[in-house]
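K.L.:
This is the structure, below, for whatever I ask next.
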Amino acid sequence: MTRYILNRLGQSAVILVLVSLIGFVVLNLAPGGPLSQFALTPGMSQAELDRIAEQLGLNRPLLVQYIDWFSRLFIGDWGRSFRDGQSVLAIIAGHLPATLLLMGTSTLVSILIGTWVGVMGAVRRYSVFDTLATVGAMVALSIPTFWFGLVAIYLFSLNLKWLPAGSMYTIGDQSIGDYAIHLILPVMVLAFVNVAIWSRYMRSATLEVIDQDFVRTARAKGLPYRRVLIHHIVRNALLPMITLAGLQLPTILGGALVTETVFTWPGMGRLFLDSIGYSDYPVIMGILMFSAILVLLGNLMADLLVGLADPRVRLG
Amino acid sequence: MTTAAAPLSVFATPAWYQNRTLRRFMRHRLAVMGTVMIALLIMACVFGPYLLPYDDLKIDIRHRFAAPFTGDHYLGTDALGRDTAARLLNAGRISLLVGFFAMVISTVIGASIGVIAGYYRGWLGAVLMRIVDAFLSFPSVFLVLVLAAFIKPNPIMITVIIAATSWMEIARIVETEIRSLRERDFILAARMIGASSRWIMFRELVPNAIGPIIVAATLTIAHAILLEAYISFLGYGIQPPLPSWGNMLNSAQQYLGKAPWLAIVPGLAITLAVASFNFIGDGLRDALDGRSDLK
């Protein structure tokens with residue numbers, strides 16, 4: 001197990017270096033490079049541009065810049081925003097809770113509903129419910145998240161006036177209930193897609209388990225069906241789902257970005273878009289790296305958890 | 001899907017195989033429906049704009065926000081009085097073309113990398129697959145947005161950007177497939193008659209892995225259309241006045257209360273196109289997978 005963990009850690013480290021290289025190359029691909037924002041300012045002379053480049057260390061060779069930037073990542077110096085000079089990590093930390101609240105709630109909701117739909121579909125295979133769930137999931141995966149958000153806003157806030165159209169809380173009223181009301185629509189929109197994905201995988205994972213000998217044994221022992229379903233079938237079918245949850249992280253993060261823009265949710269997605277609008281390179285780079293690291297950690301944790309939870313998995 | 005397994009013939013001729021594949025595909029009702037939908041959509045986008053009485057860029061301030069099915073504008077008009085139906089069909093040309101070419105480019109990149117990684121394995125394969133992992137660590141919307149924001153967005157660049165961020169899934173699928181195929185006897189035979197590595201990779205291995213590649217490519221079109229819609233909706237994709245399904249939604253957002261059809265119509269078009277490609281991909285998966293009869 002120790003060897004496996006070390007091996008897995010090494011792999012993640014390699015991917016992390018590659019991720020940082022991709023991010024760095026992408027940002028330096030831009031015409032004008034990281035200075036393009038300053039070049040747009042009227043009355044900016046070349047001499048002044050050169051001074052700014054000097055100040056920010058942008059006139060050094062690319063490799064030196066990269067190594068400098070990459071080593072600073074580890075000591076927590078992620079640079080400062082071009083916009084207001086705040087530290088990048090502090091800005092990200094300020095926007096992270098809103099995104100985590102949205103992602104966490106919707107993931108919880110979609111796991112609960114998705115597990116139920118998937119298990120029911122597998123147990124009553126090819127029934128009307130199963131067919132509807134299969135077709136429904138494929139349609140759900142084809143609906144653009146932001147459009148679904150717009151339709152939801154039109155129906156539930158503009159027409160029925162049941163729910164607020166956006167933002168995280170009402171100014172002056174920040175009670176838990178107020179947060180909850182603002183959460184409903186974005187969570188619903190984000191969970192819609194995730195339920196579809198989760199239920200599909202849960203269905204096939206359940207089908208893998210449902211015909212196995214230990215299930216037949218449990219049934220033959222005379223255990224009630226519900227008990228077999230929950231304790232034997234679902235428990236085992238959920239194991240591969242741990243890996244899936246890790247693999248789905250980028251999709252969920254990306255979905256959160258789009259959902260946040262539609263619902264003016266003050267999280268990382270909004271921050272990312274605003275930063276792109278201002279060509280705020282350090283923040284864009286910071287968010288790209290932060291989300292990739294989050295995804296890497298998520299995958300790593302999922303793999304290690306599966307190893308712990310499932311004694312049959314002993315990858316050397 | 002519950003029909004008895006067809007007897008497997010080792011000596012199946014290619015023509016017969018194609019027939020069987022087609023037969024399986026035709027049994028998949030949703031896939032057939034998807035194919036018909038896409039065919040109709042393509043025909044509408046190709047010929048529709050010539051048949052409509054209005055041009056997609058014709059501004060008519062006196063008839064702004066006309067509701068669908070009321071006047072002589074079939075799907076109503078937008079904030080500038082432009083005909084929604086004409087814009088929708090012209091946008092469809094752009095969105096479908098971007099989706100199609102992004103699929104072609106990313107399939108070529110993904111399949112090549114997958115074949116090379118799966119064939120050579122070793123350190124080259126490991127490095128290539130770690131690069132795939134690295135790209136997959138970024139939420140694709142983030143990467144596409146950054147690239148689209150920094151590079152002058154015209155339809156060709158948007159296509160390239162989308163392709164550059166959607167080849168990884170195909171690479172993964174192809175790599176797995178090639179890894180198992182390269183151990184088979186026909187590859188040994190090819191090596192024995194002195195075939196070069198390039199011949200083996202692209203003349204022996206790729207044709208045998210074509211099933212999963214086609215399935216993945218079909219799903220990639222769906223993915224690419226969605227990505228284009230996302231970034232155009234956020235304002236970094238196809239730029240107005242050129243219409244695309246995504247940027248029609250961008251301008252519709254502010255008139256959501258006043259003219260909801262401006263948002264509903266393009267969204268339905270995207271959903272229809274993407275769902276159809278997803279259904280076709282699903283049908284192809286069942287049709288091309290020799291084992292699917294046994295399930």
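Ordering of the structure tokens sets the chain letters (A, B, ...); residue numbers start at 1 within each chain; ligands are numbered from 1 in the order shown.
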Residues of chain B near chain A: apply a cut-off of 9 Å, count only C-alpha atoms, and supply the list as a PyMOL selection string.
P.N.:
chain B and resi 30+130-131+133-143+145-147+149-152+222-223+226-227+229-230+233-234+249+253+256-257+260+263-264+267-268+270-276+278-279
K.L.:
For the residues in the current selection, export C-alpha atoms as a PDB file, in the first residue's frame.
P.N.:
```
ATOM      1  CA  LEU B  30     -33.214   7.053 -30.636  1.00  0.00           C
ATOM      2  CA  ARG B 130       0.647  12.126 -18.536  1.00  0.00           C
ATOM      3  CA  ILE B 131       0.238  15.104 -20.882  1.00  0.00           C
ATOM      4  CA  ASP B 133      -3.868  13.673 -17.776  1.00  0.00           C
ATOM      5  CA  ALA B 134      -2.488  17.184 -17.339  1.00  0.00           C
ATOM      6  CA  PHE B 135      -4.849  18.623 -19.959  1.00  0.00           C
ATOM      7  CA  LEU B 136      -7.750  16.761 -18.368  1.00  0.00           C
ATOM      8  CA  SER B 137      -6.979  18.379 -14.990  1.00  0.00           C
ATOM      9  CA  PHE B 138      -8.202  21.736 -16.272  1.00  0.00           C
ATOM     10  CA  PRO B 139     -11.939  22.247 -16.565  1.00  0.00           C
ATOM     11  CA  SER B 140     -12.159  22.544 -20.372  1.00  0.00           C
ATOM     12  CA  VAL B 141     -14.349  25.657 -20.196  1.00  0.00           C
ATOM     13  CA  PHE B 142     -11.533  27.460 -18.330  1.00  0.00           C
ATOM     14  CA  LEU B 143      -8.896  26.597 -20.932  1.00  0.00           C
ATOM     15  CA  LEU B 145     -12.081  30.770 -22.338  1.00  0.00           C
ATOM     16  CA  VAL B 146      -8.502  31.832 -21.657  1.00  0.00           C
ATOM     17  CA  LEU B 147      -7.400  30.943 -25.179  1.00  0.00           C
ATOM     18  CA  ALA B 149      -9.996  35.731 -24.773  1.00  0.00           C
ATOM     19  CA  PHE B 150      -6.356  36.148 -25.788  1.00  0.00           C
ATOM     20  CA  ILE B 151      -6.480  35.062 -29.394  1.00  0.00           C
ATOM     21  CA  LYS B 152      -8.403  37.127 -31.931  1.00  0.00           C
ATOM     22  CA  ALA B 222     -21.827  17.208 -29.422  1.00  0.00           C
ATOM     23  CA  HIS B 223     -19.187  18.367 -26.952  1.00  0.00           C
ATOM     24  CA  LEU B 226     -21.766  22.835 -26.461  1.00  0.00           C
ATOM     25  CA  LEU B 227     -18.341  24.422 -25.885  1.00  0.00           C
ATOM     26  CA  ALA B 229     -22.224  27.797 -27.267  1.00  0.00           C
ATOM     27  CA  TYR B 230     -20.669  28.340 -23.824  1.00  0.00           C
ATOM     28  CA  PHE B 233     -22.662  32.993 -24.685  1.00  0.00           C
ATOM     29  CA  LEU B 234     -19.963  34.449 -22.430  1.00  0.00           C
ATOM     30  CA  LEU B 249     -28.275  33.568 -26.240  1.00  0.00           C
ATOM     31  CA  GLN B 253     -30.151  37.315 -21.650  1.00  0.00           C
ATOM     32  CA  LEU B 256     -35.343  37.601 -20.774  1.00  0.00           C
ATOM     33  CA  GLY B 257     -38.422  39.203 -19.196  1.00  0.00           C
ATOM     34  CA  PRO B 260     -38.165  35.100 -23.626  1.00  0.00           C
ATOM     35  CA  ALA B 263     -33.499  32.796 -25.379  1.00  0.00           C
ATOM     36  CA  ILE B 264     -35.723  29.757 -25.770  1.00  0.00           C
ATOM     37  CA  GLY B 267     -31.333  27.004 -26.690  1.00  0.00           C
ATOM     38  CA  LEU B 268     -33.761  24.477 -28.132  1.00  0.00           C
ATOM     39  CA  ILE B 270     -28.514  23.615 -29.363  1.00  0.00           C
ATOM     40  CA  THR B 271     -30.233  20.975 -27.243  1.00  0.00           C
ATOM     41  CA  LEU B 272     -31.735  19.325 -30.315  1.00  0.00           C
ATOM     42  CA  ALA B 273     -28.425  19.190 -32.191  1.00  0.00           C
ATOM     43  CA  VAL B 274     -26.372  18.043 -29.202  1.00  0.00           C
ATOM     44  CA  ALA B 275     -28.931  15.437 -28.102  1.00  0.00           C
ATOM     45  CA  SER B 276     -29.137  14.071 -31.659  1.00  0.00           C
ATOM     46  CA  ASN B 278     -25.358  12.008 -28.431  1.00  0.00           C
ATOM     47  CA  PHE B 279     -28.103   9.589 -29.506  1.00  0.00           C
TER      48      PHE B 279
END
```
K.L.:
Just the helix (DSSP H, G or I) stuff from segment 102-168 of chain A, please, per backbone DSSP, written as a ChimeraX atom specification.
P.N.:
/A:102-123,128-142,145-159
K.L.:
Please produce a file of the residues just selected, as a PDB file, in the first residue's frame, where the atoms kept are C-alpha atoms.
P.N.:
```
ATOM      1  CA  LEU A 102     -22.557  25.843  -4.554  1.00  0.00           C
ATOM      2  CA  MET A 103     -20.518  22.826  -5.675  1.00  0.00           C
ATOM      3  CA  GLY A 104     -20.842  20.979  -2.390  1.00  0.00           C
ATOM      4  CA  THR A 105     -24.600  21.386  -2.092  1.00  0.00           C
ATOM      5  CA  SER A 106     -25.270  20.437  -5.694  1.00  0.00           C
ATOM      6  CA  THR A 107     -22.899  17.453  -5.549  1.00  0.00           C
ATOM      7  CA  LEU A 108     -24.644  16.208  -2.423  1.00  0.00           C
ATOM      8  CA  VAL A 109     -28.057  16.604  -4.016  1.00  0.00           C
ATOM      9  CA  SER A 110     -26.988  14.942  -7.255  1.00  0.00           C
ATOM     10  CA  ILE A 111     -25.324  12.004  -5.500  1.00  0.00           C
ATOM     11  CA  LEU A 112     -28.463  11.361  -3.472  1.00  0.00           C
ATOM     12  CA  ILE A 113     -30.859  11.597  -6.423  1.00  0.00           C
ATOM     13  CA  GLY A 114     -28.440  10.035  -8.914  1.00  0.00           C
ATOM     14  CA  THR A 115     -27.795   7.004  -6.709  1.00  0.00           C
ATOM     15  CA  TRP A 116     -31.510   6.444  -6.263  1.00  0.00           C
ATOM     16  CA  VAL A 117     -32.279   6.817  -9.980  1.00  0.00           C
ATOM     17  CA  GLY A 118     -29.355   4.605 -10.979  1.00  0.00           C
ATOM     18  CA  VAL A 119     -30.186   1.814  -8.526  1.00  0.00           C
ATOM     19  CA  MET A 120     -33.878   1.849  -9.382  1.00  0.00           C
ATOM     20  CA  GLY A 121     -33.036   1.762 -13.077  1.00  0.00           C
ATOM     21  CA  ALA A 122     -30.736  -1.224 -12.607  1.00  0.00           C
ATOM     22  CA  VAL A 123     -33.155  -3.128 -10.385  1.00  0.00           C
ATOM     23  CA  VAL A 128     -40.608   2.313 -18.221  1.00  0.00           C
ATOM     24  CA  PHE A 129     -38.760   4.063 -15.391  1.00  0.00           C
ATOM     25  CA  ASP A 130     -35.392   2.792 -16.604  1.00  0.00           C
ATOM     26  CA  THR A 131     -36.032   3.790 -20.206  1.00  0.00           C
ATOM     27  CA  LEU A 132     -37.224   7.243 -19.189  1.00  0.00           C
ATOM     28  CA  ALA A 133     -34.218   7.690 -16.914  1.00  0.00           C
ATOM     29  CA  THR A 134     -31.815   6.643 -19.688  1.00  0.00           C
ATOM     30  CA  VAL A 135     -33.345   8.934 -22.295  1.00  0.00           C
ATOM     31  CA  GLY A 136     -33.767  11.719 -19.744  1.00  0.00           C
ATOM     32  CA  ALA A 137     -30.118  11.523 -18.741  1.00  0.00           C
ATOM     33  CA  MET A 138     -28.977  11.799 -22.342  1.00  0.00           C
ATOM     34  CA  VAL A 139     -31.205  14.782 -22.951  1.00  0.00           C
ATOM     35  CA  ALA A 140     -30.041  16.380 -19.700  1.00  0.00           C
ATOM     36  CA  LEU A 141     -26.428  16.007 -20.823  1.00  0.00           C
ATOM     37  CA  SER A 142     -27.297  17.785 -24.070  1.00  0.00           C
ATOM     38  CA  THR A 145     -26.198  24.539 -18.474  1.00  0.00           C
ATOM     39  CA  PHE A 146     -26.392  28.297 -18.915  1.00  0.00           C
ATOM     40  CA  TRP A 147     -29.485  28.039 -21.071  1.00  0.00           C
ATOM     41  CA  PHE A 148     -31.184  25.827 -18.514  1.00  0.00           C
ATOM     42  CA  GLY A 149     -30.263  28.499 -15.978  1.00  0.00           C
ATOM     43  CA  LEU A 150     -31.861  31.202 -18.102  1.00  0.00           C
ATOM     44  CA  VAL A 151     -35.042  29.170 -18.530  1.00  0.00           C
ATOM     45  CA  ALA A 152     -35.135  28.482 -14.769  1.00  0.00           C
ATOM     46  CA  ILE A 153     -34.749  32.200 -14.017  1.00  0.00           C
ATOM     47  CA  TYR A 154     -37.495  33.040 -16.497  1.00  0.00           C
ATOM     48  CA  LEU A 155     -39.889  30.480 -15.023  1.00  0.00           C
ATOM     49  CA  PHE A 156     -39.227  30.649 -11.301  1.00  0.00           C
ATOM     50  CA  SER A 157     -38.150  34.226 -10.718  1.00  0.00           C
ATOM     51  CA  LEU A 158     -39.489  36.405 -13.522  1.00  0.00           C
ATOM     52  CA  ASN A 159     -42.802  34.631 -14.036  1.00  0.00           C
TER      53      ASN A 159
END
```
K.L.:
Taking into account only C-alpha atoms, which residue in the set A:Ile210, A:Met268, A:Met301, A:Leu223 is nearest to Arg124 of chain A?
P.N.:
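Using only C-alpha atoms, Arg124 of chain A sits closest to A:Ile210.
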K.L.:
Find the spatial neighbours of segment 45-48 of chain B, counting only C-alpha atoms, within a cut-off of 8 Å - ignore same-chain residues fewer than 2 positions away - and output them as a list of chain:residue names.
P.N.:
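Here the answer would be B:Leu41, B:Ile42, B:Met43, B:Tyr50, B:Leu51, B:Leu52, B:Ala86, B:Leu89, B:Asn90, B:Gly92, B:Arg93.
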K.L.:
Please report the interatomic distance between atom CA of Ala102 of chain B and atom CA of Thr159 of chain B in Å with one decimal.
P.N.:
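Calculated distance between atom CA of Ala102 of chain B and atom CA of Thr159 of chain B is 5.1 Å.
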K.L.:
Report as CSV the residues of segment 198-248 of chain B within 8 Å of segment 105-119 of chain B, each with its shortest atom pair and distance in Å (one decimal), using only C-alpha atoms, ordered by chain and increasing residue number.
P.N.:
```
residue,atom,partner,partner_atom,distance
B:Met201,CA,B:Val115,CA,6.6
B:Leu205,CA,B:Val115,CA,7.8
B:Val206,CA,B:Val115,CA,7.4
B:Ile213,CA,B:Ala111,CA,7.4
B:Ala217,CA,B:Thr107,CA,6.1
```
K.L.:
Any chance you can output those residues with N, CA and C atoms as a PDB file, in the first residue's frame?
P.N.:
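File again_15.pdb, as written:
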```
ATOM      1  N   MET B 201       0.978   0.919 -37.385  1.00  0.00           N
ATOM      2  CA  MET B 201       0.127   1.823 -36.595  1.00  0.00           C
ATOM      3  C   MET B 201      -1.079   2.306 -37.393  1.00  0.00           C
ATOM      4  N   LEU B 205      -3.432  -1.045 -37.134  1.00  0.00           N
ATOM      5  CA  LEU B 205      -4.062  -0.810 -35.834  1.00  0.00           C
ATOM      6  C   LEU B 205      -5.250   0.150 -35.930  1.00  0.00           C
ATOM      7  N   VAL B 206      -5.059   1.291 -36.601  1.00  0.00           N
ATOM      8  CA  VAL B 206      -6.139   2.288 -36.651  1.00  0.00           C
ATOM      9  C   VAL B 206      -7.417   1.716 -37.291  1.00  0.00           C
ATOM     10  N   ILE B 213     -13.232   4.855 -32.291  1.00  0.00           N
ATOM     11  CA  ILE B 213     -12.864   6.205 -32.745  1.00  0.00           C
ATOM     12  C   ILE B 213     -14.095   6.930 -33.290  1.00  0.00           C
ATOM     13  N   ALA B 217     -15.714  10.233 -31.816  1.00  0.00           N
ATOM     14  CA  ALA B 217     -15.774  11.416 -32.683  1.00  0.00           C
ATOM     15  C   ALA B 217     -17.187  11.994 -32.693  1.00  0.00           C
TER      16      ALA B 217
END
```
